[in-house]
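Q: My file is query.txt. It has compact mmCIF, C-alpha atoms and all ligand atoms:
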```txt
# COMPACT_ATOMS: atom_id res chain seq x y z
CA MET P 1 5.72 17.53 -16.52
CA LYS P 2 3.21 16.08 -19.02
CA ARG P 3 0.03 14.90 -17.32
CA ALA P 4 -2.22 12.02 -18.26
CA ALA P 5 -5.33 12.72 -20.25
CA LEU P 6 -7.96 12.04 -17.60
CA THR P 7 -11.69 12.60 -17.86
CA ALA P 8 -13.03 16.05 -17.00
CA GLU P 9 -14.49 14.69 -13.76
CA HIS P 10 -11.52 13.89 -11.64
CA GLU P 11 -9.65 15.41 -8.75
CA ILE P 12 -5.96 15.42 -8.03
CA VAL P 13 -4.56 15.28 -4.50
CA ARG P 14 -0.82 15.90 -4.48
CA VAL P 15 1.40 14.25 -1.87
CA GLN P 16 4.30 16.67 -1.40
CA LEU P 17 7.45 14.77 -0.44
CA SER P 18 10.25 16.58 -2.33
CA GLU P 19 11.61 14.22 -4.97
CA ARG P 20 9.17 11.52 -3.85
CA SER P 21 6.08 13.69 -4.48
CA TYR P 22 3.20 12.15 -6.41
CA ASP P 23 -0.38 12.61 -7.56
CA ILE P 24 -3.46 10.74 -6.46
CA ALA P 25 -6.06 10.97 -9.25
CA ILE P 26 -9.63 10.34 -8.11
CA GLY P 27 -12.57 10.06 -10.48
CA ALA P 28 -15.31 7.92 -11.96
CA GLY P 29 -14.47 5.77 -14.98
CA ILE P 30 -10.80 6.74 -15.10
CA ILE P 31 -9.37 3.22 -14.99
CA ASP P 32 -9.04 3.21 -18.78
CA THR P 33 -6.67 6.15 -18.57
CA ALA P 34 -4.18 3.98 -16.68
CA PRO P 35 -1.44 3.67 -19.37
CA PRO P 36 -1.14 7.43 -20.03
CA PHE P 37 -1.36 8.11 -16.29
CA PHE P 38 1.64 5.81 -15.75
CA SER P 39 3.58 6.96 -18.81
CA ALA P 40 3.31 10.61 -17.82
CA ARG P 41 5.06 9.78 -14.56
CA ALA P 42 7.57 7.05 -15.44
CA LYS P 43 9.35 5.72 -18.48
CA ILE P 44 7.98 2.19 -18.70
CA SER P 45 9.49 -0.43 -20.99
CA HIS P 46 8.47 -3.37 -18.77
CA ALA P 47 5.44 -3.29 -16.48
CA VAL P 48 4.83 -6.01 -13.90
CA LEU P 49 1.22 -5.89 -12.78
CA VAL P 50 0.51 -7.63 -9.48
CA THR P 51 -3.08 -8.55 -8.65
CA ASP P 52 -5.19 -11.25 -7.01
CA ASP P 53 -7.32 -13.96 -8.56
CA GLN P 54 -10.59 -12.07 -7.93
CA VAL P 55 -9.49 -8.68 -9.20
CA ARG P 56 -7.68 -10.14 -12.20
CA PRO P 57 -10.74 -10.92 -14.39
CA LEU P 58 -12.59 -7.81 -13.19
CA TYR P 59 -9.92 -5.16 -13.78
CA ALA P 60 -6.31 -6.32 -13.99
CA ASP P 61 -6.61 -8.21 -17.31
CA ARG P 62 -8.10 -5.05 -18.81
CA ILE P 63 -5.34 -2.77 -17.50
CA ALA P 64 -2.68 -5.26 -18.61
CA ALA P 65 -4.15 -5.38 -22.12
CA ALA P 66 -4.24 -1.57 -22.26
CA CYS P 67 -0.61 -1.35 -21.10
CA ALA P 68 0.45 -3.90 -23.72
CA ALA P 69 -1.51 -2.04 -26.41
CA SER P 70 0.30 1.16 -25.47
CA GLY P 71 3.64 -0.52 -26.19
CA MET P 72 4.80 -1.65 -22.75
CA ARG P 73 6.13 -5.16 -22.34
CA THR P 74 3.62 -6.38 -19.80
CA THR P 75 3.74 -9.19 -17.26
CA LEU P 76 0.71 -10.01 -15.10
CA LEU P 77 1.28 -11.87 -11.84
CA SER P 78 -1.62 -13.05 -9.70
CA VAL P 79 -1.82 -14.38 -6.14
CA PRO P 80 -4.74 -15.91 -4.24
CA ALA P 81 -7.10 -13.26 -2.84
CA GLY P 82 -6.98 -12.54 0.87
CA GLU P 83 -4.83 -11.58 3.82
CA THR P 84 -2.87 -14.85 3.88
CA SER P 85 -1.17 -13.80 0.64
CA LYS P 86 0.57 -10.97 2.49
CA SER P 87 3.40 -13.29 3.46
CA ILE P 88 7.13 -13.79 2.95
CA ALA P 89 6.33 -17.02 1.07
CA MET P 90 4.24 -15.07 -1.44
CA ALA P 91 6.89 -12.35 -1.70
CA ASP P 92 9.46 -15.06 -2.39
CA GLN P 93 7.27 -16.47 -5.16
CA LEU P 94 6.83 -13.01 -6.72
CA TRP P 95 10.56 -12.16 -6.50
CA ASN P 96 11.32 -15.36 -8.41
CA GLN P 97 8.59 -14.74 -10.95
CA CYS P 98 9.96 -11.23 -11.53
CA LEU P 99 13.40 -12.74 -12.12
CA ALA P 100 12.04 -15.37 -14.50
CA GLU P 101 10.20 -12.66 -16.45
CA GLY P 102 13.43 -10.72 -16.95
CA ALA P 103 12.60 -7.86 -14.60
CA ASP P 104 15.45 -5.41 -14.07
CA ARG P 105 15.97 -2.11 -12.30
CA LYS P 106 13.92 -0.26 -14.91
CA THR P 107 10.89 -2.54 -14.51
CA VAL P 108 7.90 -0.75 -13.02
CA VAL P 109 5.54 -2.57 -10.62
CA ILE P 110 1.82 -1.80 -10.78
CA ALA P 111 -0.41 -2.94 -7.91
CA VAL P 112 -4.01 -3.58 -9.00
CA GLY P 113 -6.18 -4.65 -6.08
CA GLY P 114 -6.96 -4.04 -2.44
CA GLY P 115 -4.65 -3.29 0.46
CA VAL P 116 -3.19 -6.78 0.46
CA ILE P 117 -2.00 -6.37 -3.11
CA GLY P 118 -0.81 -2.80 -2.56
CA ASP P 119 1.22 -3.78 0.50
CA LEU P 120 2.62 -6.95 -1.11
CA ALA P 121 3.38 -5.49 -4.55
CA GLY P 122 4.83 -2.38 -2.92
CA PHE P 123 7.09 -4.62 -0.86
CA ILE P 124 8.26 -6.38 -4.03
CA ALA P 125 8.90 -2.97 -5.60
CA ALA P 126 10.85 -1.80 -2.54
CA THR P 127 13.06 -4.89 -2.42
CA PHE P 128 13.52 -6.40 -5.90
CA ALA P 129 16.89 -5.32 -7.31
CA ARG P 130 17.02 -2.90 -4.33
CA GLY P 131 14.02 -0.95 -5.47
CA LEU P 132 11.74 -0.40 -8.46
CA SER P 133 9.29 2.35 -9.25
CA PHE P 134 5.68 1.46 -8.61
CA PHE P 135 2.10 2.63 -9.03
CA GLN P 136 -1.04 1.87 -7.10
CA VAL P 137 -4.43 1.18 -8.68
CA PRO P 138 -6.48 0.51 -5.53
CA THR P 139 -9.76 -1.35 -6.06
CA THR P 140 -11.22 -1.61 -2.54
CA LEU P 141 -12.61 1.30 -0.55
CA LEU P 142 -10.03 0.61 2.13
CA ALA P 143 -7.17 0.77 -0.35
CA GLN P 144 -8.56 3.92 -1.99
CA VAL P 145 -8.87 5.86 1.27
CA ASP P 146 -5.85 4.55 3.09
CA SER P 147 -3.41 1.83 2.03
CA SER P 148 -2.51 3.08 -1.46
CA VAL P 149 -1.32 6.41 -0.01
CA GLY P 150 1.68 7.03 2.20
CA GLY P 151 4.17 4.34 1.24
CA LYS P 152 3.84 1.78 4.04
CA VAL P 153 4.45 -1.55 2.27
CA GLY P 154 5.16 -4.95 3.72
CA VAL P 155 4.06 -8.43 4.72
CA ASN P 156 2.89 -10.14 7.89
CA LEU P 157 4.82 -12.58 10.07
CA PRO P 158 2.63 -15.42 11.39
CA THR P 159 2.20 -13.68 14.75
CA ALA P 160 2.99 -10.05 13.92
CA LYS P 161 1.03 -7.96 11.46
CA ASN P 162 3.02 -5.88 8.90
CA MET P 163 6.22 -6.73 10.73
CA VAL P 164 8.51 -6.87 7.67
CA GLY P 165 8.37 -3.98 5.26
CA ALA P 166 9.54 -0.57 4.17
CA PHE P 167 8.49 2.98 3.47
CA TRP P 168 8.36 3.08 -0.32
CA GLN P 169 6.27 5.73 -2.00
CA PRO P 170 4.43 5.07 -5.27
CA GLN P 171 4.97 7.26 -8.35
CA GLY P 172 1.23 7.79 -8.59
CA VAL P 173 -2.12 6.47 -7.40
CA LEU P 174 -5.07 6.03 -9.77
CA ILE P 175 -8.44 5.76 -8.03
CA ASP P 176 -11.52 4.88 -10.05
CA VAL P 177 -14.56 5.00 -7.75
CA ASP P 178 -16.60 3.00 -10.25
CA VAL P 179 -14.69 -0.20 -9.43
CA LEU P 180 -16.33 -0.13 -6.00
CA ALA P 181 -19.58 -1.25 -7.67
CA THR P 182 -18.32 -4.85 -7.73
CA LEU P 183 -16.88 -4.87 -4.20
CA PRO P 184 -18.60 -7.39 -1.90
CA GLU P 185 -20.72 -5.73 0.81
CA ARG P 186 -18.58 -6.99 3.70
CA GLU P 187 -15.41 -5.57 2.10
CA TYR P 188 -17.12 -2.26 1.39
CA ARG P 189 -18.23 -1.92 5.01
CA ALA P 190 -14.74 -2.82 6.24
CA GLY P 191 -13.31 0.08 4.23
CA MET P 192 -15.69 2.47 6.00
CA ALA P 193 -13.90 1.83 9.31
CA GLU P 194 -10.76 3.58 8.06
CA VAL P 195 -12.99 6.40 6.74
CA VAL P 196 -14.53 6.88 10.20
CA LYS P 197 -11.01 6.80 11.65
CA TYR P 198 -10.10 10.01 9.78
CA GLY P 199 -13.05 11.81 11.35
CA VAL P 200 -12.10 10.73 14.85
CA ILE P 201 -8.41 11.55 14.56
CA LEU P 202 -8.42 14.72 12.47
CA ASP P 203 -11.72 16.12 11.33
CA PRO P 204 -14.89 16.40 13.50
CA ASP P 205 -16.80 18.07 10.63
CA PHE P 206 -16.04 15.10 8.40
CA PHE P 207 -17.26 12.79 11.19
CA ALA P 208 -20.53 14.75 11.32
CA TYR P 209 -20.78 14.59 7.52
CA LEU P 210 -20.52 10.81 7.70
CA GLU P 211 -23.20 10.68 10.41
CA ALA P 212 -25.49 12.72 8.17
CA ASN P 213 -24.81 10.67 5.03
CA VAL P 214 -25.06 7.06 6.17
CA ALA P 215 -27.88 6.29 3.72
CA SER P 216 -26.01 7.64 0.67
CA ILE P 217 -22.87 5.84 1.76
CA GLN P 218 -24.77 2.57 2.02
CA LEU P 219 -26.10 3.12 -1.50
CA ARG P 220 -22.53 3.73 -2.70
CA ASP P 221 -23.60 7.08 -4.11
CA ARG P 222 -20.85 7.95 -6.56
CA LYS P 223 -20.79 11.66 -5.76
CA VAL P 224 -20.65 11.14 -2.00
CA LEU P 225 -18.01 8.43 -2.42
CA THR P 226 -15.81 10.66 -4.57
CA GLN P 227 -15.96 13.37 -1.91
CA VAL P 228 -15.30 10.94 0.91
CA ILE P 229 -12.32 9.36 -0.83
CA ALA P 230 -10.82 12.72 -1.81
CA ARG P 231 -11.16 14.03 1.77
CA CYS P 232 -9.52 10.92 3.22
CA CYS P 233 -6.65 11.07 0.70
CA GLN P 234 -6.09 14.75 1.49
CA LEU P 235 -6.08 14.12 5.25
CA LYS P 236 -3.66 11.23 4.87
CA ALA P 237 -1.44 13.23 2.50
CA ASP P 238 -1.26 16.06 5.07
CA VAL P 239 -0.12 13.66 7.79
CA VAL P 240 2.37 11.79 5.59
CA GLN P 241 3.88 15.05 4.35
CA ALA P 242 4.47 16.12 7.95
CA ASP P 243 5.99 12.82 9.16
CA GLU P 244 6.68 10.44 6.27
CA ARG P 245 8.40 7.72 8.29
CA GLU P 246 6.52 8.01 11.57
CA THR P 247 9.57 9.42 13.31
CA THR P 248 8.08 12.40 15.16
CA GLY P 249 5.01 10.51 16.31
CA LEU P 250 2.65 12.60 14.18
CA ARG P 251 2.00 9.86 11.63
CA ALA P 252 1.12 7.54 14.49
CA VAL P 253 -2.31 9.22 14.61
CA LEU P 254 -3.19 7.08 11.55
CA ASN P 255 -2.64 4.08 13.81
CA TYR P 256 -5.67 4.90 15.98
CA GLY P 257 -7.27 1.60 17.04
CA HIS P 258 -4.54 -0.42 15.37
CA THR P 259 -2.70 -1.63 18.47
CA PHE P 260 -5.83 -3.60 19.37
CA CYS P 261 -6.77 -4.23 15.72
CA HIS P 262 -3.53 -5.92 14.69
CA ALA P 263 -3.51 -8.07 17.83
CA PHE P 264 -7.07 -9.25 17.06
CA GLU P 265 -6.21 -9.99 13.42
CA ALA P 266 -3.16 -12.07 14.32
CA THR P 267 -4.84 -13.89 17.22
CA CYS P 268 -7.99 -14.78 15.25
CA GLY P 269 -5.87 -15.98 12.29
CA TYR P 270 -5.25 -13.67 9.33
CA GLY P 271 -8.33 -13.14 7.20
CA GLN P 272 -10.88 -14.29 9.79
CA LEU P 273 -11.55 -10.75 10.91
CA LEU P 274 -11.08 -8.30 8.03
CA HIS P 275 -8.62 -5.48 8.71
CA GLY P 276 -11.38 -2.84 8.60
CA GLU P 277 -13.56 -4.89 10.95
CA ALA P 278 -10.68 -5.13 13.39
CA VAL P 279 -10.09 -1.36 13.05
CA SER P 280 -13.72 -0.75 14.01
CA ILE P 281 -13.45 -2.89 17.15
CA GLY P 282 -9.96 -1.57 17.91
CA MET P 283 -11.02 2.09 17.77
CA LEU P 284 -13.75 1.42 20.32
CA CYS P 285 -11.26 -0.38 22.59
CA ALA P 286 -8.90 2.61 22.34
CA SER P 287 -11.75 4.99 23.06
CA ARG P 288 -12.81 3.01 26.15
CA LEU P 289 -9.19 3.03 27.27
CA ALA P 290 -9.11 6.83 26.91
CA GLU P 291 -12.30 6.97 28.98
CA SER P 292 -10.81 4.86 31.75
CA LEU P 293 -7.80 7.19 31.85
CA GLY P 294 -10.18 10.13 32.25
CA ARG P 295 -9.14 11.65 28.92
CA ILE P 296 -12.57 11.74 27.25
CA SER P 297 -16.22 11.51 28.22
CA PRO P 298 -18.27 8.39 27.34
CA ASP P 299 -20.24 10.26 24.64
CA VAL P 300 -17.13 10.34 22.39
CA THR P 301 -17.13 6.53 22.40
CA GLN P 302 -20.90 6.43 22.03
CA ARG P 303 -20.86 8.53 18.87
CA GLN P 304 -18.22 6.30 17.29
CA ARG P 305 -20.13 3.13 18.24
CA LYS P 306 -23.36 4.51 16.82
CA LEU P 307 -21.79 5.50 13.49
CA LEU P 308 -19.80 2.28 13.12
CA SER P 309 -22.93 0.20 13.89
CA ALA P 310 -25.01 2.22 11.44
CA LEU P 311 -22.41 1.43 8.79
CA GLY P 312 -22.75 -2.29 9.57
CA LEU P 313 -19.40 -2.70 11.27
CA PRO P 314 -18.69 -4.97 14.24
CA THR P 315 -18.16 -3.28 17.59
CA VAL P 316 -17.61 -6.20 19.98
CA PRO P 317 -14.16 -7.80 20.44
CA PRO P 318 -13.81 -11.37 19.17
CA GLN P 319 -14.03 -14.26 21.61
CA VAL P 320 -10.34 -15.13 21.78
CA ASP P 321 -7.91 -15.79 24.60
CA ILE P 322 -7.24 -12.34 26.04
CA ASP P 323 -3.73 -13.27 27.13
CA LEU P 324 -2.85 -14.21 23.54
CA VAL P 325 -4.20 -10.83 22.43
CA MET P 326 -2.08 -9.05 25.06
CA THR P 327 1.01 -10.98 23.90
CA ALA P 328 0.30 -10.08 20.28
CA MET P 329 -0.07 -6.44 21.30
CA GLN P 330 3.52 -6.41 22.54
CA ARG P 331 4.58 -6.89 18.88
CA ASP P 332 3.08 -3.55 17.88
CA LYS P 333 5.60 -1.38 16.03
CA LYS P 334 4.93 1.54 18.37
CA VAL P 335 6.36 -0.43 21.30
CA GLU P 336 9.48 1.32 22.63
CA HIS P 337 11.82 -0.28 25.18
CA GLY P 338 9.20 -2.94 25.75
CA LYS P 339 6.49 -0.38 26.58
CA LEU P 340 3.19 -0.16 24.74
CA GLN P 341 2.00 3.16 23.35
CA PHE P 342 -1.60 3.84 22.37
CA VAL P 343 -3.16 6.44 20.11
CA LEU P 344 -6.01 7.81 22.23
CA PRO P 345 -8.67 10.46 21.59
CA THR P 346 -8.69 13.68 23.58
CA LYS P 347 -11.91 14.79 21.86
CA LEU P 348 -13.62 14.04 18.57
CA GLY P 349 -11.15 15.09 15.85
CA MET P 350 -8.03 14.90 17.98
CA VAL P 351 -5.80 12.06 19.22
CA GLU P 352 -2.48 11.75 21.03
CA LEU P 353 0.17 9.09 21.37
CA VAL P 354 0.18 7.98 25.01
CA GLY P 355 2.79 5.84 26.77
CA ASP P 356 2.85 4.36 30.25
CA VAL P 357 -0.64 2.93 30.01
CA PRO P 358 -1.25 0.20 32.61
CA VAL P 359 -1.66 -3.09 30.71
CA LYS P 360 -4.51 -3.92 33.10
CA LEU P 361 -6.54 -1.00 31.69
CA ALA P 362 -5.89 -2.06 28.08
CA LYS P 363 -7.14 -5.54 28.98
CA GLN P 364 -10.18 -4.06 30.65
CA ALA P 365 -10.93 -1.96 27.54
CA ILE P 366 -11.21 -5.23 25.61
CA ASN P 367 -13.21 -7.06 28.28
CA ASP P 368 -15.68 -4.17 28.56
CA GLY P 369 -16.51 -4.33 24.84
N1 LIG F 401 -0.18 0.31 3.80
C1 LIG F 401 -1.10 0.93 4.50
O1 LIG F 401 -0.98 2.12 4.84
C2 LIG F 401 -2.34 0.19 4.90
C3 LIG F 401 -3.45 0.91 5.37
C4 LIG F 401 -4.60 0.20 5.69
C5 LIG F 401 -4.66 -1.18 5.50
N2 LIG F 401 -3.56 -1.83 5.02
C6 LIG F 401 -3.61 -3.27 4.78
O2 LIG F 401 -4.58 -3.52 3.76
C7 LIG F 401 -5.02 -4.87 3.87
C8 LIG F 401 -6.52 -4.94 3.71
O3 LIG F 401 -6.85 -4.46 2.44
P1 LIG F 401 -8.31 -4.68 1.82
O4 LIG F 401 -9.32 -4.48 2.86
O5 LIG F 401 -8.35 -3.88 0.59
O6 LIG F 401 -8.33 -6.24 1.52
P2 LIG F 401 -7.94 -7.11 0.25
O7 LIG F 401 -6.83 -6.55 -0.49
O8 LIG F 401 -7.82 -8.51 0.78
O9 LIG F 401 -9.24 -7.03 -0.66
C9 LIG F 401 -10.46 -7.51 -0.16
C10 LIG F 401 -11.16 -8.48 -1.12
O10 LIG F 401 -11.83 -7.74 -2.11
C11 LIG F 401 -11.53 -8.26 -3.40
N3 LIG F 401 -11.62 -7.12 -4.31
C12 LIG F 401 -10.76 -6.08 -4.40
N4 LIG F 401 -11.23 -5.14 -5.19
C13 LIG F 401 -12.41 -5.59 -5.67
C14 LIG F 401 -13.40 -5.05 -6.52
N5 LIG F 401 -13.32 -3.80 -7.00
N6 LIG F 401 -14.48 -5.80 -6.82
C15 LIG F 401 -14.62 -7.04 -6.28
N7 LIG F 401 -13.74 -7.59 -5.44
C16 LIG F 401 -12.65 -6.86 -5.13
C17 LIG F 401 -10.18 -8.89 -3.26
O11 LIG F 401 -9.98 -9.87 -4.23
C18 LIG F 401 -10.26 -9.46 -1.85
O12 LIG F 401 -10.91 -10.71 -1.89
C19 LIG F 401 -4.55 -5.36 5.23
O13 LIG F 401 -3.48 -6.24 5.06
C20 LIG F 401 -4.11 -4.10 5.93
O14 LIG F 401 -3.10 -4.36 6.88
C21 LIG F 401 -2.42 -1.17 4.73
O1 LIG F 402 -0.39 4.79 7.06
C1 LIG F 402 -0.26 4.65 8.27
O2 LIG F 402 0.67 5.16 8.90
C2 LIG F 402 -1.24 3.84 9.04
O3 LIG F 402 -1.03 3.56 10.20
C3 LIG F 402 -2.48 3.39 8.33
C4 LIG F 402 -3.10 2.13 8.89
O4 LIG F 402 -4.48 2.18 8.56
C5 LIG F 402 -2.56 0.85 8.27
O5 LIG F 402 -3.31 -0.24 8.71
C6 LIG F 402 -1.07 0.59 8.42
O6 LIG F 402 -0.68 -0.47 7.60
C7 LIG F 402 -0.66 0.23 9.82
O7 LIG F 402 0.69 0.36 9.91
P1 LIG F 402 1.61 -0.35 11.01
O8 LIG F 402 2.85 0.47 10.98
O9 LIG F 402 0.88 -0.28 12.32
O10 LIG F 402 1.82 -1.74 10.58
ZN ZN F 403 -5.45 0.28 8.92
```
Please, can you express the file's structure as structure tokens?
Ligand SMILES: NC(=O)c1ccc[n+]([C@@H]2O[C@H](COP(=O)([O-])OP(=O)(O)OC[C@H]3O[C@@H](n4cnc5c(N)ncnc54)[C@H](O)[C@@H]3O)[C@@H](O)[C@H]2O)c1
Ligand SMILES: O=C(O)C(=O)C[C@@H](O)[C@H](O)[C@H](O)COP(=O)(O)O
Ligand SMILES: [Zn+2]
A:
Amino acid sequence: MKRAALTAEHEIVRVQLSERSYDIAIGAGIIDTAPPFFSARAKISHAVLVTDDQVRPLYADRIAAACAASGMRTTLLSVPAGETSKSIAMADQLWNQCLAEGADRKTVVIAVGGGVIGDLAGFIAATFARGLSFFQVPTTLLAQVDSSVGGKVGVNLPTAKNMVGAFWQPQGVLIDVDVLATLPEREYRAGMAEVVKYGVILDPDFFAYLEANVASIQLRDRKVLTQVIARCCQLKADVVQADERETTGLRAVLNYGHTFCHAFEATCGYGQLLHGEAVSIGMLCASRLAESLGRISPDVTQRQRKLLSALGLPTVPPQVDIDLVMTAMQRDKKVEHGKLQFVLPTKLGMVELVGDVPVKLAKQAINDG
């Protein structure tokens, strides 16, 4: 197949999923190659770009103009920035806007933004007219290392994170590391939590690399960032290829810390605690839980806490009603027959899905934080 003309300095990670396979292109300054990147992978007569009101003036207007200049009929839809836009009400608004703009089954959706936009636009793509092709142009660190890859799309219910959604793979992911230059510091740090997650669940050498490169990471060193993002995309691609729909339990490793994380996000009110911040706190809760079950030694938790703190991430659970958190945890999608399951470390670089965990110990793992 014809490939987009990208700059010399880019890497391609391929996600191998038979007919749903796709490329993740990672490089500096490649955002302007967006139209040929899309056109090489889909026939596009009508592109619907979905973005948020902060990313729109920074990047989405520019991509929309380039798409229009390359001959695509282009519609740009924008939602308010932030987690509260990942809702059924916002999906309803976008479905109706797509209809009003004459979208049909050949329309291609392009998500330009962070994880909220990727999840929401992907959900529109998965559902409008029973499914449209879509692309991801992730603009946060979190979206570049995690949410744009793997096809989990969806929206939140008021008390249950990501509860309505689908597995819907993109046709391609275009990652320009240069867009991270404008990302607010808090959002950048939040993205690092998912980066650390990959080290804990799959790759102890990568964890050690992060420990050794905190200063360059804080400076957003372009070279280090490109390597970090490419490694995360490759690790995620490997997992998704092995268990696309989280049916064998393998993909669940990517959910490390998320049983606690999602319960904190919902209980605090969406957007109060950023997803990455909640991942940071949630991973430490899961690690303490593994300790209390005698599965790991305290130094595994200590190393995570030290690295997460050095990266400026929160480590202490929020001051919220613990019983509300425990109730929210029961809405985790890994719950089977009413029983919670947790992804717990066995050592640095390896985790397992564990059932039959006494709720009392999970509560204690929060209280001990
Ligand atoms: N589908 C998945 O596999 C998956 C994986 C991880 C997280 N998620 C989801 O992702 C969401 C969090 O995503 P997020 O952290 O990217 O948040 P986000 O999408 O809310 O973006 C964070 C903020 O940064 C702004 N922004 C984005 N790019 C920017 C840029 N380059 N410069 C300046 N500002 C920019 C946005 O406008 C927003 O205000 C959560 O809903 C989480 O559940 C999904
Ligand atoms: O891709 C996955 O699988 C993940 O679990 C990645 C997570 O970082 C991400 O937050 C995901 O959206 C959580 O999925 P959920 O199924 O627990 O809602
Ligand atoms: Zn996550």
Q: My list of candidates is P:Ala242, P:Val196, P:Val354, P:Leu250. Which is closest to Glu277 of chain P when distances are computed with all atoms listed in the file?
A: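 Smallest separation from Glu277 of chain P among the options: P:Val196.
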Q: Counting all atoms listed in the file, figure out which residue out of P:Val149, P:Leu174, P:Leu348, P:Leu225 gets nearest to Ser287 of chain P.
A: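 Nearest candidate to Ser287 of chain P out of P:Val149, P:Leu174, P:Leu348, P:Leu225: P:Leu348.
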Q: Can you tell me, as a PyMOL selection string, what residues are no more than 7 Å from Leu202 of chain P when counting all atoms listed in the file, ignoring any on the same chain fewer than 4 positions away?
A: chain P and resi 198+349-350
Q: Suppose you want the space between atom CA of Pro35 of chain P and atom C21 of ligand LIG 401 (chain F); what is it in Å?
A: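 About the pair atom CA of Pro35 of chain P and atom C21 of ligand LIG 401 (chain F): they are 24.6 Å apart.
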Q: Step by step, gather every atom of ligand LIG 401 (chain F) that the file lists, find the box along x, y and z that holds them, add 8 Å on each side, and finally give centre and edge lengths in Å to one decimal, as lines of an AutoDock Vina configuration file.
A:
```
center_x = -7.4
center_y = -4.3
center_z = -0.1
size_x = 30.4
size_y = 28.8
size_z = 29.9
```
Q: Report as a tab-separated table the residues of chain P within 6 Å of ligand LIG 401 (chain F), each with its shortest atom pair and distance in Å (one decimal), using all atoms listed in the file, ordered by chain and increasing residue number.
A:
```
residue	atom	partner	partner_atom	distance
P:Asp52	CA	F:LIG401	O11	5.7
P:Gln54	CA	F:LIG401	O11	4.3
P:Val55	CA	F:LIG401	O11	5.1
P:Ala81	CA	F:LIG401	O11	4.7
P:Gly82	CA	F:LIG401	O8	4.1
P:Glu83	CA	F:LIG401	O8	5.3
P:Gly113	CA	F:LIG401	C12	5.1
P:Gly114	CA	F:LIG401	O7	3.2
P:Gly115	CA	F:LIG401	O3	3.2
P:Val116	CA	F:LIG401	O7	3.8
P:Ile117	CA	F:LIG401	O7	5.5
P:Asp119	CA	F:LIG401	N1	5.4
P:Thr139	CA	F:LIG401	N4	4.2
P:Thr140	CA	F:LIG401	N4	4.4
P:Leu142	CA	F:LIG401	O5	5.0
P:Ala143	CA	F:LIG401	O5	4.9
P:Asp146	CA	F:LIG401	C3	4.9
P:Ser147	CA	F:LIG401	C3	3.5
P:Lys152	CA	F:LIG401	N1	4.3
P:Val153	CA	F:LIG401	N1	5.2
P:Val179	CA	F:LIG401	N5	4.6
P:Leu180	CA	F:LIG401	N5	4.9
P:Thr182	CA	F:LIG401	N6	4.1
P:Leu183	CA	F:LIG401	N6	3.7
P:Pro184	CA	F:LIG401	C15	5.9
P:Glu187	CA	F:LIG401	C9	5.8
P:His275	CA	F:LIG401	C19	5.4
```
